[in-house]
$ cat data30.pdb   # PDB, C-alpha atoms and all ligand atoms
ATOM      1  CA  MET A   1      -0.759  -0.110  15.051  1.00  0.00           C
ATOM      2  CA  SER A   2       2.295  -2.297  15.122  1.00  0.00           C
ATOM      3  CA  HIS A   3       4.587  -0.071  13.112  1.00  0.00           C
ATOM      4  CA  PRO A   4       8.085   0.271  14.526  1.00  0.00           C
ATOM      5  CA  VAL A   5       9.041   3.903  14.975  1.00  0.00           C
ATOM      6  CA  ASP A   6      11.326   3.775  11.955  1.00  0.00           C
ATOM      7  CA  ALA A   7       8.932   1.993   9.582  1.00  0.00           C
ATOM      8  CA  THR A   8       7.797   5.178   7.892  1.00  0.00           C
ATOM      9  CA  LYS A   9      11.353   6.357   7.358  1.00  0.00           C
ATOM     10  CA  SER A  10      13.315   5.743   4.227  1.00  0.00           C
ATOM     11  CA  ILE A  11      15.911   3.008   4.413  1.00  0.00           C
ATOM     12  CA  LEU A  12      18.032   5.102   2.025  1.00  0.00           C
ATOM     13  CA  HIS A  13      20.936   7.328   2.995  1.00  0.00           C
ATOM     14  CA  PRO A  14      19.271  10.657   3.954  1.00  0.00           C
ATOM     15  CA  GLU A  15      21.092  12.606   1.240  1.00  0.00           C
ATOM     16  CA  VAL A  16      20.034  10.118  -1.426  1.00  0.00           C
ATOM     17  CA  ALA A  17      16.456  10.202  -0.100  1.00  0.00           C
ATOM     18  CA  ALA A  18      16.467  14.021  -0.207  1.00  0.00           C
ATOM     19  CA  TYR A  19      17.763  13.949  -3.784  1.00  0.00           C
ATOM     20  CA  LEU A  20      15.001  11.538  -4.856  1.00  0.00           C
ATOM     21  CA  ASP A  21      12.401  13.696  -3.078  1.00  0.00           C
ATOM     22  CA  SER A  22      13.650  16.709  -5.006  1.00  0.00           C
ATOM     23  CA  LEU A  23      12.829  14.840  -8.234  1.00  0.00           C
ATOM     24  CA  THR A  24       9.353  13.708  -7.122  1.00  0.00           C
ATOM     25  CA  ALA A  25       7.189  16.800  -6.922  1.00  0.00           C
ATOM     26  CA  ALA A  26       3.681  16.512  -5.499  1.00  0.00           C
ATOM     27  CA  PRO A  27       1.285  16.824  -8.474  1.00  0.00           C
ATOM     28  CA  ASP A  28      -1.201  19.025  -6.569  1.00  0.00           C
ATOM     29  CA  PRO A  29      -1.697  20.408  -3.024  1.00  0.00           C
ATOM     30  CA  LEU A  30      -3.678  17.411  -1.658  1.00  0.00           C
ATOM     31  CA  PRO A  31      -0.781  14.959  -1.169  1.00  0.00           C
ATOM     32  CA  LEU A  32       1.259  17.705   0.499  1.00  0.00           C
ATOM     33  CA  ARG A  33      -1.608  18.433   2.863  1.00  0.00           C
ATOM     34  CA  MET A  34      -1.910  14.748   3.719  1.00  0.00           C
ATOM     35  CA  GLU A  35       1.843  14.356   4.214  1.00  0.00           C
ATOM     36  CA  ARG A  36       1.920  17.324   6.599  1.00  0.00           C
ATOM     37  CA  LYS A  37      -1.076  16.049   8.528  1.00  0.00           C
ATOM     38  CA  ALA A  38       0.374  12.537   8.784  1.00  0.00           C
ATOM     39  CA  LYS A  39       3.661  13.911  10.065  1.00  0.00           C
ATOM     40  CA  ALA A  40       1.901  16.015  12.697  1.00  0.00           C
ATOM     41  CA  LEU A  41      -0.223  13.081  13.893  1.00  0.00           C
ATOM     42  CA  GLY A  42       2.391  10.333  13.432  1.00  0.00           C
ATOM     43  CA  PHE A  43       0.051   8.501  11.057  1.00  0.00           C
ATOM     44  CA  PRO A  44       1.861   6.034   8.778  1.00  0.00           C
ATOM     45  CA  LEU A  45       1.484   6.643   5.030  1.00  0.00           C
ATOM     46  CA  VAL A  46       3.412   5.088   2.179  1.00  0.00           C
ATOM     47  CA  GLY A  47       6.185   7.528   1.304  1.00  0.00           C
ATOM     48  CA  ARG A  48       5.858   9.824  -1.703  1.00  0.00           C
ATOM     49  CA  ARG A  49       8.395   7.779  -3.663  1.00  0.00           C
ATOM     50  CA  ALA A  50       6.453   4.571  -2.989  1.00  0.00           C
ATOM     51  CA  GLY A  51       3.283   6.447  -3.961  1.00  0.00           C
ATOM     52  CA  ARG A  52       4.816   7.456  -7.252  1.00  0.00           C
ATOM     53  CA  TRP A  53       5.792   3.831  -7.865  1.00  0.00           C
ATOM     54  CA  LEU A  54       2.187   2.763  -7.193  1.00  0.00           C
ATOM     55  CA  GLU A  55       0.993   5.250  -9.798  1.00  0.00           C
ATOM     56  CA  LEU A  56       3.531   4.110 -12.387  1.00  0.00           C
ATOM     57  CA  LEU A  57       3.022   0.382 -11.768  1.00  0.00           C
ATOM     58  CA  ALA A  58      -0.737   0.774 -12.221  1.00  0.00           C
ATOM     59  CA  ARG A  59      -0.207   2.800 -15.394  1.00  0.00           C
ATOM     60  CA  MET A  60       2.396   0.410 -16.812  1.00  0.00           C
ATOM     61  CA  ILE A  61       0.035  -2.562 -16.721  1.00  0.00           C
ATOM     62  CA  GLY A  62      -2.986  -0.519 -17.854  1.00  0.00           C
ATOM     63  CA  ALA A  63      -4.735  -1.196 -14.534  1.00  0.00           C
ATOM     64  CA  ARG A  64      -8.387  -0.198 -14.318  1.00  0.00           C
ATOM     65  CA  ARG A  65      -9.556  -2.238 -11.310  1.00  0.00           C
ATOM     66  CA  VAL A  66      -7.392  -1.854  -8.222  1.00  0.00           C
ATOM     67  CA  LEU A  67      -8.096  -3.131  -4.724  1.00  0.00           C
ATOM     68  CA  GLU A  68      -6.305  -1.685  -1.711  1.00  0.00           C
ATOM     69  CA  LEU A  69      -6.112  -3.437   1.675  1.00  0.00           C
ATOM     70  CA  GLY A  70      -5.606  -0.794   4.390  1.00  0.00           C
ATOM     71  CA  SER A  71      -6.429   2.645   2.970  1.00  0.00           C
ATOM     72  CA  GLY A  72      -6.170   5.027   5.915  1.00  0.00           C
ATOM     73  CA  TRP A  73      -7.333   8.413   4.583  1.00  0.00           C
ATOM     74  CA  GLY A  74      -6.512   7.489   0.998  1.00  0.00           C
ATOM     75  CA  TYR A  75      -2.977   8.810   0.462  1.00  0.00           C
ATOM     76  CA  SER A  76      -1.785   5.686  -1.370  1.00  0.00           C
ATOM     77  CA  ALA A  77      -5.210   5.504  -3.059  1.00  0.00           C
ATOM     78  CA  TYR A  78      -4.539   9.010  -4.394  1.00  0.00           C
ATOM     79  CA  TRP A  79      -1.465   7.748  -6.292  1.00  0.00           C
ATOM     80  CA  LEU A  80      -3.250   4.592  -7.446  1.00  0.00           C
ATOM     81  CA  ALA A  81      -6.173   6.721  -8.675  1.00  0.00           C
ATOM     82  CA  ARG A  82      -3.752   8.729 -10.806  1.00  0.00           C
ATOM     83  CA  GLY A  83      -2.378   5.486 -12.253  1.00  0.00           C
ATOM     84  CA  VAL A  84      -5.732   3.935 -13.219  1.00  0.00           C
ATOM     85  CA  GLY A  85      -6.777   6.931 -15.319  1.00  0.00           C
ATOM     86  CA  PRO A  86     -10.254   8.395 -15.821  1.00  0.00           C
ATOM     87  CA  GLU A  87     -11.883   5.012 -16.589  1.00  0.00           C
ATOM     88  CA  GLY A  88     -10.364   3.271 -13.569  1.00  0.00           C
ATOM     89  CA  GLN A  89     -11.566   2.606 -10.029  1.00  0.00           C
ATOM     90  CA  VAL A  90      -9.725   2.065  -6.771  1.00  0.00           C
ATOM     91  CA  LEU A  91     -11.670   0.160  -4.135  1.00  0.00           C
ATOM     92  CA  GLY A  92     -10.101   0.719  -0.731  1.00  0.00           C
ATOM     93  CA  THR A  93     -10.761  -1.138   2.506  1.00  0.00           C
ATOM     94  CA  GLU A  94     -10.398   0.433   5.936  1.00  0.00           C
ATOM     95  CA  SER A  95     -11.512  -0.760   9.360  1.00  0.00           C
ATOM     96  CA  ASP A  96     -11.462   2.636  11.096  1.00  0.00           C
ATOM     97  CA  PRO A  97     -14.558   4.759  10.352  1.00  0.00           C
ATOM     98  CA  ARG A  98     -12.688   7.927  11.408  1.00  0.00           C
ATOM     99  CA  CYS A  99     -10.232   7.373   8.547  1.00  0.00           C
ATOM    100  CA  ILE A 100     -13.115   7.070   6.082  1.00  0.00           C
ATOM    101  CA  ALA A 101     -14.670  10.308   7.376  1.00  0.00           C
ATOM    102  CA  GLU A 102     -11.276  12.012   7.086  1.00  0.00           C
ATOM    103  CA  HIS A 103     -10.924  10.708   3.526  1.00  0.00           C
ATOM    104  CA  ARG A 104     -14.287  12.221   2.533  1.00  0.00           C
ATOM    105  CA  GLU A 105     -13.308  15.578   3.959  1.00  0.00           C
ATOM    106  CA  LEU A 106      -9.843  15.606   2.383  1.00  0.00           C
ATOM    107  CA  PHE A 107     -11.089  14.577  -1.069  1.00  0.00           C
ATOM    108  CA  ALA A 108     -14.204  16.776  -1.143  1.00  0.00           C
ATOM    109  CA  ASN A 109     -14.300  18.437  -4.599  1.00  0.00           C
ATOM    110  CA  HIS A 110     -10.978  16.862  -5.582  1.00  0.00           C
ATOM    111  CA  PRO A 111     -10.909  15.686  -9.243  1.00  0.00           C
ATOM    112  CA  LEU A 112      -9.740  12.183  -8.243  1.00  0.00           C
ATOM    113  CA  ALA A 113     -12.493  11.638  -5.653  1.00  0.00           C
ATOM    114  CA  GLY A 114     -14.743   9.835  -8.140  1.00  0.00           C
ATOM    115  CA  ARG A 115     -12.082   7.212  -8.853  1.00  0.00           C
ATOM    116  CA  ILE A 116     -11.786   6.114  -5.202  1.00  0.00           C
ATOM    117  CA  ARG A 117     -14.319   4.303  -3.033  1.00  0.00           C
ATOM    118  CA  LEU A 118     -13.391   3.349   0.517  1.00  0.00           C
ATOM    119  CA  GLN A 119     -15.378   0.541   2.083  1.00  0.00           C
ATOM    120  CA  GLN A 120     -15.432   0.207   5.840  1.00  0.00           C
ATOM    121  CA  GLY A 121     -14.610  -3.223   7.221  1.00  0.00           C
ATOM    122  CA  GLU A 122     -11.908  -5.744   7.910  1.00  0.00           C
ATOM    123  CA  ALA A 123      -9.790  -5.980   4.758  1.00  0.00           C
ATOM    124  CA  LEU A 124      -9.342  -9.750   4.590  1.00  0.00           C
ATOM    125  CA  ALA A 125     -13.039 -10.387   5.229  1.00  0.00           C
ATOM    126  CA  THR A 126     -13.839  -7.950   2.414  1.00  0.00           C
ATOM    127  CA  LEU A 127     -11.275  -9.628   0.168  1.00  0.00           C
ATOM    128  CA  ARG A 128     -12.865 -13.036   0.804  1.00  0.00           C
ATOM    129  CA  SER A 129     -16.230 -11.637  -0.306  1.00  0.00           C
ATOM    130  CA  LEU A 130     -14.850 -10.361  -3.630  1.00  0.00           C
ATOM    131  CA  SER A 131     -14.153 -12.579  -6.596  1.00  0.00           C
ATOM    132  CA  GLY A 132     -12.146 -10.155  -8.736  1.00  0.00           C
ATOM    133  CA  PRO A 133     -10.322 -10.398 -10.981  1.00  0.00           C
ATOM    134  CA  TYR A 134      -8.336  -7.271 -10.142  1.00  0.00           C
ATOM    135  CA  ASP A 135      -5.522  -5.797 -12.196  1.00  0.00           C
ATOM    136  CA  MET A 136      -3.639  -4.941  -9.041  1.00  0.00           C
ATOM    137  CA  ILE A 137      -4.021  -5.537  -5.295  1.00  0.00           C
ATOM    138  CA  PHE A 138      -2.052  -3.334  -2.923  1.00  0.00           C
ATOM    139  CA  VAL A 139      -1.487  -4.561   0.651  1.00  0.00           C
ATOM    140  CA  ASP A 140      -0.854  -2.172   3.563  1.00  0.00           C
ATOM    141  CA  ILE A 141      -2.619  -3.737   6.586  1.00  0.00           C
ATOM    142  CA  GLU A 142      -1.226  -5.079   9.863  1.00  0.00           C
ATOM    143  CA  LYS A 143       1.990  -6.886   8.993  1.00  0.00           C
ATOM    144  CA  GLU A 144       1.118 -10.109  10.803  1.00  0.00           C
ATOM    145  CA  ASP A 145      -1.717 -10.511   8.275  1.00  0.00           C
ATOM    146  CA  TYR A 146       0.479 -10.209   5.167  1.00  0.00           C
ATOM    147  CA  PRO A 147       0.856 -13.992   4.604  1.00  0.00           C
ATOM    148  CA  ARG A 148      -2.935 -14.458   4.705  1.00  0.00           C
ATOM    149  CA  ALA A 149      -3.393 -11.458   2.422  1.00  0.00           C
ATOM    150  CA  LEU A 150      -1.077 -13.075  -0.131  1.00  0.00           C
ATOM    151  CA  GLU A 151      -2.967 -16.367  -0.003  1.00  0.00           C
ATOM    152  CA  LEU A 152      -6.314 -14.630  -0.573  1.00  0.00           C
ATOM    153  CA  ALA A 153      -5.134 -12.012  -3.067  1.00  0.00           C
ATOM    154  CA  VAL A 154      -3.226 -14.035  -5.672  1.00  0.00           C
ATOM    155  CA  PRO A 155      -6.253 -16.011  -6.990  1.00  0.00           C
ATOM    156  CA  ARG A 156      -8.099 -12.688  -7.402  1.00  0.00           C
ATOM    157  CA  ILE A 157      -5.513 -11.033  -9.647  1.00  0.00           C
ATOM    158  CA  ARG A 158      -5.626 -11.512 -13.419  1.00  0.00           C
ATOM    159  CA  SER A 159      -2.708 -13.011 -15.286  1.00  0.00           C
ATOM    160  CA  GLY A 160      -0.298 -10.153 -15.977  1.00  0.00           C
ATOM    161  CA  GLY A 161      -1.571  -8.228 -12.959  1.00  0.00           C
ATOM    162  CA  LEU A 162       0.341  -7.197  -9.843  1.00  0.00           C
ATOM    163  CA  LEU A 163       0.378  -7.911  -6.131  1.00  0.00           C
ATOM    164  CA  VAL A 164       2.144  -5.027  -4.379  1.00  0.00           C
ATOM    165  CA  ALA A 165       2.862  -4.600  -0.656  1.00  0.00           C
ATOM    166  CA  ASP A 166       4.361  -1.816   1.447  1.00  0.00           C
ATOM    167  CA  ASN A 167       6.761  -2.004   4.432  1.00  0.00           C
ATOM    168  CA  VAL A 168       8.428  -5.229   3.335  1.00  0.00           C
ATOM    169  CA  LEU A 169      11.820  -4.021   4.619  1.00  0.00           C
ATOM    170  CA  TRP A 170      10.120  -3.005   7.890  1.00  0.00           C
ATOM    171  CA  GLY A 171      12.536  -0.305   8.908  1.00  0.00           C
ATOM    172  CA  GLY A 172      15.444  -2.742   8.377  1.00  0.00           C
ATOM    173  CA  LYS A 173      14.102  -5.228  10.925  1.00  0.00           C
ATOM    174  CA  VAL A 174      13.999  -7.944   8.260  1.00  0.00           C
ATOM    175  CA  THR A 175      17.796  -8.233   8.512  1.00  0.00           C
ATOM    176  CA  GLN A 176      17.586  -9.568  12.087  1.00  0.00           C
ATOM    177  CA  PRO A 177      15.953 -12.740  13.429  1.00  0.00           C
ATOM    178  CA  ALA A 178      12.519 -11.813  14.809  1.00  0.00           C
ATOM    179  CA  ALA A 179      11.669 -12.388  18.475  1.00  0.00           C
ATOM    180  CA  PRO A 180       8.906 -15.009  18.965  1.00  0.00           C
ATOM    181  CA  ASP A 181       6.428 -12.323  20.094  1.00  0.00           C
ATOM    182  CA  ASP A 182       7.282  -9.887  17.278  1.00  0.00           C
ATOM    183  CA  VAL A 183       4.381 -10.970  15.099  1.00  0.00           C
ATOM    184  CA  ALA A 184       4.715  -8.008  12.737  1.00  0.00           C
ATOM    185  CA  THR A 185       8.322  -8.730  11.743  1.00  0.00           C
ATOM    186  CA  ARG A 186       7.568 -12.442  11.539  1.00  0.00           C
ATOM    187  CA  GLY A 187       4.651 -11.657   9.236  1.00  0.00           C
ATOM    188  CA  VAL A 188       6.801  -9.556   6.916  1.00  0.00           C
ATOM    189  CA  LEU A 189       9.591 -12.176   6.822  1.00  0.00           C
ATOM    190  CA  ARG A 190       7.125 -14.975   6.044  1.00  0.00           C
ATOM    191  CA  PHE A 191       5.402 -12.850   3.396  1.00  0.00           C
ATOM    192  CA  ASN A 192       8.683 -12.037   1.629  1.00  0.00           C
ATOM    193  CA  THR A 193       9.664 -15.723   1.536  1.00  0.00           C
ATOM    194  CA  LEU A 194       6.244 -16.853   0.320  1.00  0.00           C
ATOM    195  CA  LEU A 195       6.196 -14.151  -2.345  1.00  0.00           C
ATOM    196  CA  HIS A 196       9.607 -15.089  -3.752  1.00  0.00           C
ATOM    197  CA  ASP A 197       8.979 -18.875  -3.615  1.00  0.00           C
ATOM    198  CA  ASP A 198       5.497 -18.841  -5.154  1.00  0.00           C
ATOM    199  CA  PRO A 199       5.561 -20.477  -8.630  1.00  0.00           C
ATOM    200  CA  ARG A 200       2.563 -18.349  -9.673  1.00  0.00           C
ATOM    201  CA  LEU A 201       4.551 -15.142  -9.167  1.00  0.00           C
ATOM    202  CA  GLU A 202       7.649 -13.272 -10.345  1.00  0.00           C
ATOM    203  CA  ALA A 203       8.687 -11.092  -7.411  1.00  0.00           C
ATOM    204  CA  ALA A 204      11.176  -8.378  -6.520  1.00  0.00           C
ATOM    205  CA  ILE A 205      11.451  -5.681  -3.868  1.00  0.00           C
ATOM    206  CA  LEU A 206      11.868  -2.025  -4.758  1.00  0.00           C
ATOM    207  CA  PRO A 207      13.845  -0.300  -1.989  1.00  0.00           C
ATOM    208  CA  ALA A 208      11.529   2.726  -2.120  1.00  0.00           C
ATOM    209  CA  ASP A 209      10.766   4.223   1.297  1.00  0.00           C
ATOM    210  CA  ASP A 210      10.143   1.216   3.598  1.00  0.00           C
ATOM    211  CA  GLY A 211      10.341  -1.331   0.754  1.00  0.00           C
ATOM    212  CA  LEU A 212       7.694  -2.032  -1.859  1.00  0.00           C
ATOM    213  CA  ALA A 213       7.256  -5.672  -2.898  1.00  0.00           C
ATOM    214  CA  VAL A 214       6.083  -6.120  -6.475  1.00  0.00           C
ATOM    215  CA  ALA A 215       4.935  -9.498  -7.769  1.00  0.00           C
ATOM    216  CA  TRP A 216       3.766 -10.113 -11.318  1.00  0.00           C
ATOM    217  CA  VAL A 217       1.123 -12.813 -11.640  1.00  0.00           C
ATOM    218  CA  ARG A 218       1.982 -15.358 -14.380  1.00  0.00           C
TER
HETATM  219  C1  LIG B 301      -0.183   2.055   7.280  1.00  0.00           C
HETATM  220  S1  LIG B 301      -1.807   2.688   7.295  1.00  0.00           S
HETATM  221  C2  LIG B 301      -2.008   2.752   5.565  1.00  0.00           C
HETATM  222  C3  LIG B 301      -2.372   3.978   4.954  1.00  0.00           C
HETATM  223  C4  LIG B 301      -2.524   4.003   3.457  1.00  0.00           C
HETATM  224  N1  LIG B 301      -2.203   2.786   2.763  1.00  0.00           N
HETATM  225  C5  LIG B 301      -1.665   5.127   2.943  1.00  0.00           C
HETATM  226  O1  LIG B 301      -0.475   4.932   2.723  1.00  0.00           O
HETATM  227  O2  LIG B 301      -2.225   6.210   2.766  1.00  0.00           O
HETATM  228  C6  LIG B 301      -2.750   1.213   7.534  1.00  0.00           C
HETATM  229  C7  LIG B 301      -4.246   1.426   7.557  1.00  0.00           C
HETATM  230  O3  LIG B 301      -4.834   0.153   7.419  1.00  0.00           O
HETATM  231  C8  LIG B 301      -5.874  -0.003   8.375  1.00  0.00           C
HETATM  232  N2  LIG B 301      -5.895  -1.447   8.658  1.00  0.00           N
HETATM  233  C9  LIG B 301      -4.929  -2.195   9.241  1.00  0.00           C
HETATM  234  N3  LIG B 301      -5.285  -3.493   9.259  1.00  0.00           N
HETATM  235  C10 LIG B 301      -6.509  -3.548   8.671  1.00  0.00           C
HETATM  236  C11 LIG B 301      -7.408  -4.598   8.375  1.00  0.00           C
HETATM  237  N4  LIG B 301      -7.113  -5.877   8.686  1.00  0.00           N
HETATM  238  N5  LIG B 301      -8.560  -4.298   7.764  1.00  0.00           N
HETATM  239  C12 LIG B 301      -8.873  -3.019   7.417  1.00  0.00           C
HETATM  240  N6  LIG B 301      -8.070  -1.981   7.672  1.00  0.00           N
HETATM  241  C13 LIG B 301      -6.891  -2.245   8.282  1.00  0.00           C
HETATM  242  C14 LIG B 301      -5.488   0.856   9.552  1.00  0.00           C
HETATM  243  O4  LIG B 301      -6.634   1.287  10.254  1.00  0.00           O
HETATM  244  C15 LIG B 301      -4.745   2.007   8.870  1.00  0.00           C
HETATM  245  O5  LIG B 301      -5.605   3.075   8.592  1.00  0.00           O
END

$ encode --input "data30.pdb" --output "C-alpha cells" --more "lines below"
Ligand SMILES: C[S@@+](CC[C@H](N)C(=O)[O-])C[C@H]1O[C@@H](n2cnc3c(N)ncnc32)[C@H](O)[C@@H]1O
Amino acid sequence: MSHPVDATKSILHPEVAAYLDSLTAAPDPLPLRMERKAKALGFPLVGRRAGRWLELLARMIGARRVLELGSGWGYSAYWLARGVGPEGQVLGTESDPRCIAEHRELFANHPLAGRIRLQQGEALATLRSLSGPYDMIFVDIEKEDYPRALELAVPRIRSGGLLVADNVLWGGKVTQPAAPDDVATRGVLRFNTLLHDDPRLEAAILPADDGLAVAWVR
C-alpha cells in the first residue's frame, strides 16, 4: 500500500481530535473491534469521524444504493450500511481475498451483514462493468488511481447523489509539491483539482481524519 505513515492520523490538533472522538461513540462493539485490530496490524481504515460522516451523508441524501471502491474488511462499509437503512445495499469492491474472508468472519451474525456485499476484484474494472446509477460512490483505493476513479464514477451517480473520497489531505502532503515519483500524492493533488473544477459537481473537503472530499452531482 502506498499510504504515508501519517495518512491514517488526524490532521487535527490532537486535543481537538480527542474531543471529537469523545463525542463520537461507537454504536456497537464491531467497529471498536475493527479499530483495535487495524491498529495492531497497521491496516489503514477511514477514521471513526470520517465513518460517521459517511453514515450521515448517506442518510442525508436518502441513499439506498452505495458503491464502495476499496473496502478492506468493511469498516467504512459498516458506517455506510448504517446510513442506507434497512432497505439499502452497499456493494464493496476489494482486490485482496484475505480481506473478504476477514470481512465474513467479522460480520458473521452481525445485524448489518445483510446490507453489505463485498465483491472480489479490481475496483475500477468492476466499476466499468456496472452501469449504476448509484446514490453514492465512495473511493478509498490506491491514490494514484483517484483521477481515473472520478472519471468513471461521476457518470454512474444519479443527479443529487454524492461522490466521496478519503485521504484527500494525504497526511498534509498536499501542501507540498509532489516529487515526480510520488504517484500517490500526485494522484490526490490531481483528483482534488479535477473534483473542484468539474462543472458537473459541487465539491468541498471535510477536514475529518485524513480529509474527506464530498462532491454533489448536479
Ligand atoms: C485504505 S484500505 C480501505 C479500507 C476501507 N475503506 C475502510 O476504511 O475500512 C484500501 C483497501 O482497498 C484495497 N484496494 C486498493 N486498491 C484497490 C483496487 N484498485 N481495487 C480493489 N481494491 C483495492 C486494498 O486492498 C485495501 O484493502

$ residues_around --input "data30.pdb" --residues "Glu144 in chain A" --least-positions-apart "3" --cutoff "7 Å" --atoms "only C-alpha atoms" --output "compact mmCIF listing (two decimals) with C-alpha atoms, in the frame of the given file"
# COMPACT_ATOMS: atom_id res chain seq x y z
CA VAL A 183 4.38 -10.97 15.10
CA ALA A 184 4.72 -8.01 12.74
CA ARG A 186 7.57 -12.44 11.54
CA GLY A 187 4.65 -11.66 9.24
CA VAL A 188 6.80 -9.56 6.92

$ residues_near_ligand --input "data30.pdb" --ligand "ligand LIG 301 (chain B)" --cutoff "6 Å" --atoms "only C-alpha atoms and all ligand atoms" --output "list of chain:residue names"
A:Pro44, A:Leu45, A:Val46, A:Gly70, A:Ser71, A:Gly72, A:Trp73, A:Gly74, A:Tyr75, A:Ser76, A:Thr93, A:Glu94, A:Ser95, A:Asp96, A:Gly121, A:Glu122, A:Ala123, A:Asp140, A:Ile141, A:Glu142

$ atom_distance --input "data30.pdb" --atom1 "CA of Leu54 in chain A" --atom2 "CA of Leu80 in chain A"
5.7 Å

$ resolve_selection --input "data30.pdb" --expression "the PyMOL selection byres (((chain A and resi 105-107) around 10) and not hetatm)" --output "PyMOL selection string"
chain A and resi 30-31+33-34+73-75+78+99-104+108-114+116

$ resolve_selection --input "data30.pdb" --expression "the PyMOL selection byres (((chain A and resi 47) around 8) and not hetatm)" --output "list in words"
Thr8, Ser10, Leu45, Val46, Arg48, Arg49, Ala50, Gly51, Ala208, Asp209 and Asp210 of chain A

$ resolve_selection --input "data30.pdb" --expression "the PyMOL selection byres (((chain A and resi 165) around 10) and not hetatm)" --output "list in words"
Leu54, Glu68, Leu69, Ile137, Phe138, Val139, Asp140, Ile141, Lys143, Tyr146, Ala149, Leu150, Leu162, Leu163, Val164, Asp166, Asn167, Val168, Val188, Phe191, Asn192, Ile205, Gly211, Leu212, Ala213, Val214 and Ala215 of chain A

$ residues_around --input "data30.pdb" --residues "Arg117 in chain A" --least-positions-apart "5" --cutoff "9 Å" --atoms "only C-alpha atoms" --output "JSON, numbers by chain"
{"A": [89, 90, 91, 92, 93]}

$ write_last_selection --input "data30.pdb" --atoms "C-alpha atoms" --output "compact mmCIF listing (two decimals), in the frame of the given file"
# COMPACT_ATOMS: atom_id res chain seq x y z
CA GLN A 89 -11.57 2.61 -10.03
CA VAL A 90 -9.72 2.06 -6.77
CA LEU A 91 -11.67 0.16 -4.14
CA GLY A 92 -10.10 0.72 -0.73
CA THR A 93 -10.76 -1.14 2.51

$ atom_distance --input "data30.pdb" --atom1 "CA of Ala179 in chain A" --atom2 "CA of Pro207 in chain A"
23.9 Å

$ residues_around --input "data30.pdb" --residues "Arg158 in chain A" --least-positions-apart "4" --cutoff "8 Å" --atoms "all atoms listed in the file" --output "list in words"
Pro133, Tyr134, Asp135 and Val217 of chain A

$ closest_residue --input "data30.pdb" --among "A:Asp181, A:Asp198, A:Asp21, A:Glu55" --to "Pro147 in chain A" --atoms "all atoms listed in the file"
A:Asp198

$ closest_residue --input "data30.pdb" --among "A:Val84, A:Leu169, A:Leu194, A:Val174" --to "Leu12 in chain A" --atoms "all atoms listed in the file"
A:Leu169

$ residues_around --input "data30.pdb" --residues "Leu130 in chain A" --least-positions-apart "6" --cutoff "10 Å" --atoms "all atoms listed in the file" --output "short mmCIF file (atom, residue, chain, number, x, y, z; two decimals) with C-alpha atoms, keeping the file's coordinate frame"
data_model
loop_
_atom_site.label_atom_id
_atom_site.label_comp_id
_atom_site.auth_asym_id
_atom_site.auth_seq_id
_atom_site.Cartn_x
_atom_site.Cartn_y
_atom_site.Cartn_z
CA LEU A 67 -8.10 -3.13 -4.72
CA LEU A 124 -9.34 -9.75 4.59
CA ALA A 153 -5.13 -12.01 -3.07
CA ARG A 156 -8.10 -12.69 -7.40
#

$ atom_distance --input "data30.pdb" --atom1 "CA of Gly83 in chain A" --atom2 "CA of Ser129 in chain A"
25.1 Å
